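Data first, discussion second: the structure below is written as structure tokens.
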Number of protein chains: 2
Amino acid sequence: MSAEISVKEISRRRFLNRVGQGLVAANLVKAPFLKAAPSQALAPDPPGKKLGWAVVGLGSLSIHQILPAFAKCEKSKATALVSGHADKAHKLAQRYGVDARHIYNYENYDAIKNDPEVDVIYIVLPNGLHAEYTIRGLQAGKHVLCEKPMANTPTDCQKMIDAARAANRKLMVAYRCRYEPNNQEAIRIVRSQELGATQTILTNAGWHIDNPDQWRLKQDLAGGGSLMDIGIYALNAARYLSGEEPTEINAMMYSTPGDPRFKEVEENINFQLRFPSGVLANCSSRYGY
Amino acid sequence: MSAEISVKEISRRRFLNRVGQGLVAANLVKAPFLKAAPSQALAPDPPGKKLGWAVVGLGSLSIHQILPAFAKCEKSKATALVSGHADKAHKLAQRYGVDARHIYNYENYDAIKNDPEVDVIYIVLPNGLHAEYTIRGLQAGKHVLCEKPMANTPTDCQKMIDAARAANRKLMVAYRCRYEPNNQEAIRIVRSQELGATQTILTNAGWHIDNPDQWRLKQDLAGGGSLMDIGIYALNAARYLSGEEPTEINAMMYSTPGDPRFKEVEENINFQLRFPSGVLANCSSRYGY
């Protein structure tokens, strides 16, 4: 029953391993988010200073969640916006108290290098643009927090990690679940085996995707369908609970025929993982909840 | 991602199809269990008559569940016992009011043909013995209710169906879930699509198996591990909810190394199904709950 690992699966496994490296690197940066490591030439934060963030990409996530959240932060504030839509950027800058001189577009983005108000760049662009704007941000001498998934390919992930090392700047992926207290407690219970050895992990994640024109449904921008966007939570939950990386993967995909949303990327994908300790996982990912 | 169907999977698929035929045949017999079909030479039941049942195999299931349940039945009663253990059979016969003249062993089992008190034979033996005792029971002119799973191989299942047809007697598999009101309502909701089209079915079944010496852990008697015994509920739930037979199967097995219970059969098996309509299922089967 346990099939040989196919080329595709090896490729995915290597992808996971490399993403894993990125996450380990990211783990170095915990709260307080940018406490300087001794190896870095950063001075300690002055008391009361808020870190300045440039938010790159003003889509729904930035408008409805990230900018409102920054407005409530004690140790961070949005100090710059980067967008291809000047009108939208100016409106949001006004609403959140960002000086208009700190609005950038994708052409003059690299000039952020000279902006002393920006400590960290937050990449909230479609997945297919993560690598380019992360690397340009690191090369501008800024730390980067990049939305999940890290990038569309392992090669791009590696380039981002290399760029962070070359620039001696922090790179973190905005995957937060493993820091939430409920999840940390679940991870502790499972790994401590206080309820016995884990045998099977069952994880399922999905949401109902709507507008067929959005970037999440374009292969070049999204890098995949529901797995890249929401199924990643099912995948990562299995990885974090087991504390291992999978060595075998089976999967089945299905997209509703003729559905205009799923011309380029998959709707649903059910997958199975085998971990080195013998733990199995059954996971599912859906855009059709 | 969707692999070619392997030989093993085709074999399993054919197995499912054939079991399916058995179940369809079985569906002809509903409550009241043995209302005679017009094509059969059975007279209508006289008012108040209870059907007489021979219980074959006096293991835990018969002792703790089946015989006590018969004692409460309005339309059925245990009238004969078949066992290799004469002592046990006599004790149980006394407890449940079975006349000692209707106690059989596996050598004189076929003499049940001449026992007018027996209308139906209930096969409660290890899986690997189902085919032989079902076929002998049908050849004795009795109807047969056979415990699940039907048998260890599709070939044996087909022989049982053929024997029932040749004897013009009913053959039913004692898989009851699809007749329970809660499950019937779940099946109705899913198939009616009143909550939308089904995309993924998630089913999991397991129990903690103990004594390493029991027949369920012997390959020749059980025909397999947790899947044959308890995972079959996860499999059948997916089949009944979808109303379809799977066309592709992926699976991963795991048994704890060195565990004396799992020398011959599998402990855990996670499997995925694809149905013709596109519905996917993620299922798991465990002996290690």
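Labels used: A, B, ... for chains in the order of the structure tokens, numbers from 1 for residues in each chain, and numbers from 1 for ligands as shown.
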Write out as a VMD selection string each polymer residue whose atoms come within 12 Å of Gly48 of chain B, counting only C-alpha atoms; drop sequence neighbours fewer than 6 positions from it. chain B and resid 73 to 77
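Residue list for chain B within 7 Å of chain A: Met1, Ser2, Asn250, Ala251, Met252, Met253, Tyr254, Asn270, Gly278 and Asn282 of chain B, counting only C-alpha atoms.
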If you keep N, CA, C and O atoms, can you produce a file of those selected residues as a PDB file, in the first residue's frame?
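Below is the file that was written, again.pdb:
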ATOM      1  N   MET B   1      -1.569  14.426  -9.690  1.00  0.00           N
ATOM      2  CA  MET B   1      -1.742  13.875  -8.353  1.00  0.00           C
ATOM      3  C   MET B   1      -2.582  12.592  -8.381  1.00  0.00           C
ATOM      4  O   MET B   1      -2.399  11.718  -7.568  1.00  0.00           O
ATOM      5  N   SER B   2      -3.483  12.497  -9.319  1.00  0.00           N
ATOM      6  CA  SER B   2      -4.374  11.342  -9.294  1.00  0.00           C
ATOM      7  C   SER B   2      -3.704  10.170  -9.995  1.00  0.00           C
ATOM      8  O   SER B   2      -3.594  10.124 -11.202  1.00  0.00           O
ATOM      9  N   ASN B 250      -6.251   5.394  -2.716  1.00  0.00           N
ATOM     10  CA  ASN B 250      -4.887   5.523  -2.191  1.00  0.00           C
ATOM     11  C   ASN B 250      -4.924   5.057  -0.745  1.00  0.00           C
ATOM     12  O   ASN B 250      -5.925   5.284  -0.058  1.00  0.00           O
ATOM     13  N   ALA B 251      -3.850   4.487  -0.269  1.00  0.00           N
ATOM     14  CA  ALA B 251      -3.853   4.088   1.135  1.00  0.00           C
ATOM     15  C   ALA B 251      -2.448   4.042   1.706  1.00  0.00           C
ATOM     16  O   ALA B 251      -1.470   3.857   0.970  1.00  0.00           O
ATOM     17  N   MET B 252      -2.360   4.255   2.987  1.00  0.00           N
ATOM     18  CA  MET B 252      -1.113   4.095   3.738  1.00  0.00           C
ATOM     19  C   MET B 252      -1.417   3.273   4.982  1.00  0.00           C
ATOM     20  O   MET B 252      -2.388   3.548   5.680  1.00  0.00           O
ATOM     21  N   MET B 253      -0.585   2.283   5.235  1.00  0.00           N
ATOM     22  CA  MET B 253      -0.759   1.437   6.409  1.00  0.00           C
ATOM     23  C   MET B 253       0.353   1.703   7.398  1.00  0.00           C
ATOM     24  O   MET B 253       1.469   2.044   7.008  1.00  0.00           O
ATOM     25  N   TYR B 254       0.042   1.466   8.657  1.00  0.00           N
ATOM     26  CA  TYR B 254       1.097   1.501   9.675  1.00  0.00           C
ATOM     27  C   TYR B 254       0.738   0.574  10.825  1.00  0.00           C
ATOM     28  O   TYR B 254      -0.394   0.573  11.309  1.00  0.00           O
ATOM     29  N   ASN B 270      -4.961   4.408   6.602  1.00  0.00           N
ATOM     30  CA  ASN B 270      -5.633   5.629   6.147  1.00  0.00           C
ATOM     31  C   ASN B 270      -5.847   5.476   4.650  1.00  0.00           C
ATOM     32  O   ASN B 270      -4.925   5.109   3.932  1.00  0.00           O
ATOM     33  N   GLY B 278     -16.999  12.685  -8.666  1.00  0.00           N
ATOM     34  CA  GLY B 278     -15.979  13.660  -8.279  1.00  0.00           C
ATOM     35  C   GLY B 278     -15.832  13.794  -6.780  1.00  0.00           C
ATOM     36  O   GLY B 278     -14.869  14.389  -6.305  1.00  0.00           O
ATOM     37  N   ASN B 282     -11.780  10.991   2.553  1.00  0.00           N
ATOM     38  CA  ASN B 282     -10.607  10.683   3.377  1.00  0.00           C
ATOM     39  C   ASN B 282     -11.092   9.826   4.539  1.00  0.00           C
ATOM     40  O   ASN B 282     -11.951  10.270   5.311  1.00  0.00           O
TER      41      ASN B 282
END
Write out as number ranges by chain each polymer residue whose atoms come within 12 Å of Ile63 of chain B, counting only C-alpha atoms; drop sequence neighbours fewer than 6 positions from it. B: 55-57, 69-71, 81, 83, 88-89, 91-93, 95-96, 124
Please identify which residues in segment 14-263 of chain B DSSP calls strand (DSSP E) from the backbone, and express them as a PyMOL selection string. chain B and resi 51-56+76-82+103-104+120-123+143-147+171-174+200-206+248-254
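For the atom pair formed by atom CA of Ile103 of chain B and atom CA of Ala131 of chain B, the distance is 21.2 Å, given to one decimal.
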Neighbour list for Pro260 of chain A as an mmCIF file with N, CA and C atoms, in the first residue's frame, cut-off 10 Å, only C-alpha atoms, skip fewer than 6 positions in-chain:
data_model
loop_
_atom_site.group_PDB
_atom_site.id
_atom_site.type_symbol
_atom_site.label_atom_id
_atom_site.label_comp_id
_atom_site.auth_asym_id
_atom_site.auth_seq_id
_atom_site.Cartn_x
_atom_site.Cartn_y
_atom_site.Cartn_z
ATOM 1 N N ASN A 211 -15.403 35.335 -5.970
ATOM 2 C CA ASN A 211 -15.077 36.044 -7.206
ATOM 3 C C ASN A 211 -14.077 35.290 -8.107
ATOM 4 N N PRO A 212 -14.531 34.847 -9.275
ATOM 5 C CA PRO A 212 -13.645 34.076 -10.157
ATOM 6 C C PRO A 212 -12.481 34.880 -10.718
ATOM 7 N N ASP A 213 -12.513 36.199 -10.571
ATOM 8 C CA ASP A 213 -11.450 37.038 -11.155
ATOM 9 C C ASP A 213 -10.291 37.299 -10.204
ATOM 10 N N LEU A 217 -7.054 32.631 -7.867
ATOM 11 C CA LEU A 217 -7.491 31.618 -8.828
ATOM 12 C C LEU A 217 -6.661 31.639 -10.111
#
Minimum-distance residue to Ala166 of chain A, chosen among A:Ile189, A:Leu138, A:Ala54, A:Leu235 (using only C-alpha atoms): A:Leu138
Apply DSSP to the backbone of this structure and, from segment 30-234 of chain B, keep only the residues in alpha helix (DSSP H); write these as a ChimeraX atom specification. /B:60-61,67-70,86-96,130-139,154-167,181-192,219-222,226,232-234
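Omitting Tyr133 of chain A and its sequence neighbours fewer than 4 positions away, and counting only C-alpha atoms, the residues within 9 Å are Val56, Tyr106, Tyr109, Ile123, Leu125, Leu129, Gly137 and Leu138 of chain A.
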Write the residues of the preceding selection, restricted to all heavy atoms, as an mmCIF file, in the first residue's frame.
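This is the output file out-v3.cif:
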data_model
loop_
_atom_site.group_PDB
_atom_site.id
_atom_site.type_symbol
_atom_site.label_atom_id
_atom_site.label_comp_id
_atom_site.auth_asym_id
_atom_site.auth_seq_id
_atom_site.Cartn_x
_atom_site.Cartn_y
_atom_site.Cartn_z
ATOM 1 N N VAL A 56 3.161 46.432 1.923
ATOM 2 C CA VAL A 56 3.289 46.345 0.464
ATOM 3 C C VAL A 56 2.121 45.547 -0.099
ATOM 4 O O VAL A 56 2.024 44.332 0.125
ATOM 5 C CB VAL A 56 4.622 45.672 0.074
ATOM 6 C CG1 VAL A 56 4.778 45.665 -1.448
ATOM 7 C CG2 VAL A 56 5.793 46.386 0.731
ATOM 8 N N TYR A 106 5.242 50.483 -7.238
ATOM 9 C CA TYR A 106 6.134 49.354 -7.486
ATOM 10 C C TYR A 106 7.368 49.745 -8.310
ATOM 11 O O TYR A 106 8.322 48.986 -8.392
ATOM 12 C CB TYR A 106 5.358 48.187 -8.121
ATOM 13 C CG TYR A 106 4.296 47.692 -7.156
ATOM 14 C CD1 TYR A 106 2.950 47.706 -7.482
ATOM 15 C CD2 TYR A 106 4.662 47.262 -5.883
ATOM 16 C CE1 TYR A 106 1.999 47.296 -6.566
ATOM 17 C CE2 TYR A 106 3.708 46.850 -4.972
ATOM 18 C CZ TYR A 106 2.378 46.864 -5.311
ATOM 19 O OH TYR A 106 1.435 46.468 -4.415
ATOM 20 N N TYR A 109 9.695 51.603 -5.441
ATOM 21 C CA TYR A 109 9.721 50.795 -4.213
ATOM 22 C C TYR A 109 11.125 50.722 -3.603
ATOM 23 O O TYR A 109 11.297 50.822 -2.377
ATOM 24 C CB TYR A 109 9.194 49.395 -4.552
ATOM 25 C CG TYR A 109 9.376 48.319 -3.508
ATOM 26 C CD1 TYR A 109 8.820 48.449 -2.224
ATOM 27 C CD2 TYR A 109 10.052 47.135 -3.807
ATOM 28 C CE1 TYR A 109 8.964 47.429 -1.284
ATOM 29 C CE2 TYR A 109 10.195 46.118 -2.872
ATOM 30 C CZ TYR A 109 9.654 46.267 -1.607
ATOM 31 O OH TYR A 109 9.784 45.263 -0.690
ATOM 32 N N ILE A 123 5.195 42.089 3.243
ATOM 33 C CA ILE A 123 4.787 41.761 1.865
ATOM 34 C C ILE A 123 3.403 41.105 1.889
ATOM 35 O O ILE A 123 3.249 39.981 2.365
ATOM 36 C CB ILE A 123 5.802 40.798 1.210
ATOM 37 C CG1 ILE A 123 7.223 41.373 1.262
ATOM 38 C CG2 ILE A 123 5.380 40.481 -0.225
ATOM 39 C CD1 ILE A 123 7.432 42.626 0.464
ATOM 40 N N LEU A 125 1.423 40.772 -0.930
ATOM 41 C CA LEU A 125 1.129 40.678 -2.367
ATOM 42 C C LEU A 125 0.681 39.257 -2.719
ATOM 43 O O LEU A 125 0.846 38.333 -1.929
ATOM 44 C CB LEU A 125 2.410 41.013 -3.141
ATOM 45 C CG LEU A 125 2.897 42.466 -3.041
ATOM 46 C CD1 LEU A 125 4.329 42.583 -3.538
ATOM 47 C CD2 LEU A 125 1.970 43.381 -3.845
ATOM 48 N N LEU A 129 4.390 37.060 -6.352
ATOM 49 C CA LEU A 129 5.232 38.260 -6.266
ATOM 50 C C LEU A 129 6.041 38.306 -4.975
ATOM 51 O O LEU A 129 6.827 39.248 -4.772
ATOM 52 C CB LEU A 129 4.346 39.521 -6.366
ATOM 53 C CG LEU A 129 3.459 39.609 -7.623
ATOM 54 C CD1 LEU A 129 2.520 40.808 -7.554
ATOM 55 C CD2 LEU A 129 4.325 39.680 -8.886
ATOM 56 N N GLY A 137 13.172 44.158 -0.986
ATOM 57 C CA GLY A 137 13.076 44.782 0.346
ATOM 58 C C GLY A 137 14.301 44.504 1.201
ATOM 59 O O GLY A 137 14.813 45.392 1.903
ATOM 60 N N LEU A 138 14.781 43.255 1.150
ATOM 61 C CA LEU A 138 15.990 42.904 1.907
ATOM 62 C C LEU A 138 17.192 43.668 1.363
ATOM 63 O O LEU A 138 18.038 44.157 2.129
ATOM 64 C CB LEU A 138 16.231 41.393 1.825
ATOM 65 C CG LEU A 138 15.211 40.524 2.573
ATOM 66 C CD1 LEU A 138 15.264 39.079 2.087
ATOM 67 C CD2 LEU A 138 15.431 40.592 4.088
#
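The two atoms in question, atom CA of Ser226 of chain A and atom CA of Glu266 of chain A, are spaced 6.4 Å apart.
Atom to atom, atom CA of Ala167 of chain A and atom CA of Val120 of chain A stand 13.3 Å apart.
Neighbouring residues of Gly243 of chain B at 10 Å or closer, counting only C-alpha atoms and skipping chain neighbours under 4 positions away, are B:Ile187, B:Val190, B:Arg191, B:Asn236, B:Ala237, B:Ala238, B:Arg239, B:Phe275, B:Ser277.
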Once you have the residues from the selection above, write them out as a PDB file, in the first residue's frame, restricted to C-alpha atoms.
ATOM      1  CA  ILE B 187     -27.825   9.673   3.731  1.00  0.00           C
ATOM      2  CA  VAL B 190     -26.341  14.243   1.553  1.00  0.00           C
ATOM      3  CA  ARG B 191     -27.971  12.657  -1.484  1.00  0.00           C
ATOM      4  CA  ASN B 236     -19.262   1.912   3.917  1.00  0.00           C
ATOM      5  CA  ALA B 237     -20.270   5.299   5.306  1.00  0.00           C
ATOM      6  CA  ALA B 238     -18.505   6.908   2.343  1.00  0.00           C
ATOM      7  CA  ARG B 239     -20.236   4.482  -0.051  1.00  0.00           C
ATOM      8  CA  PHE B 275     -16.100   8.467  -6.617  1.00  0.00           C
ATOM      9  CA  SER B 277     -19.202  12.046  -9.486  1.00  0.00           C
TER      10      SER B 277
END
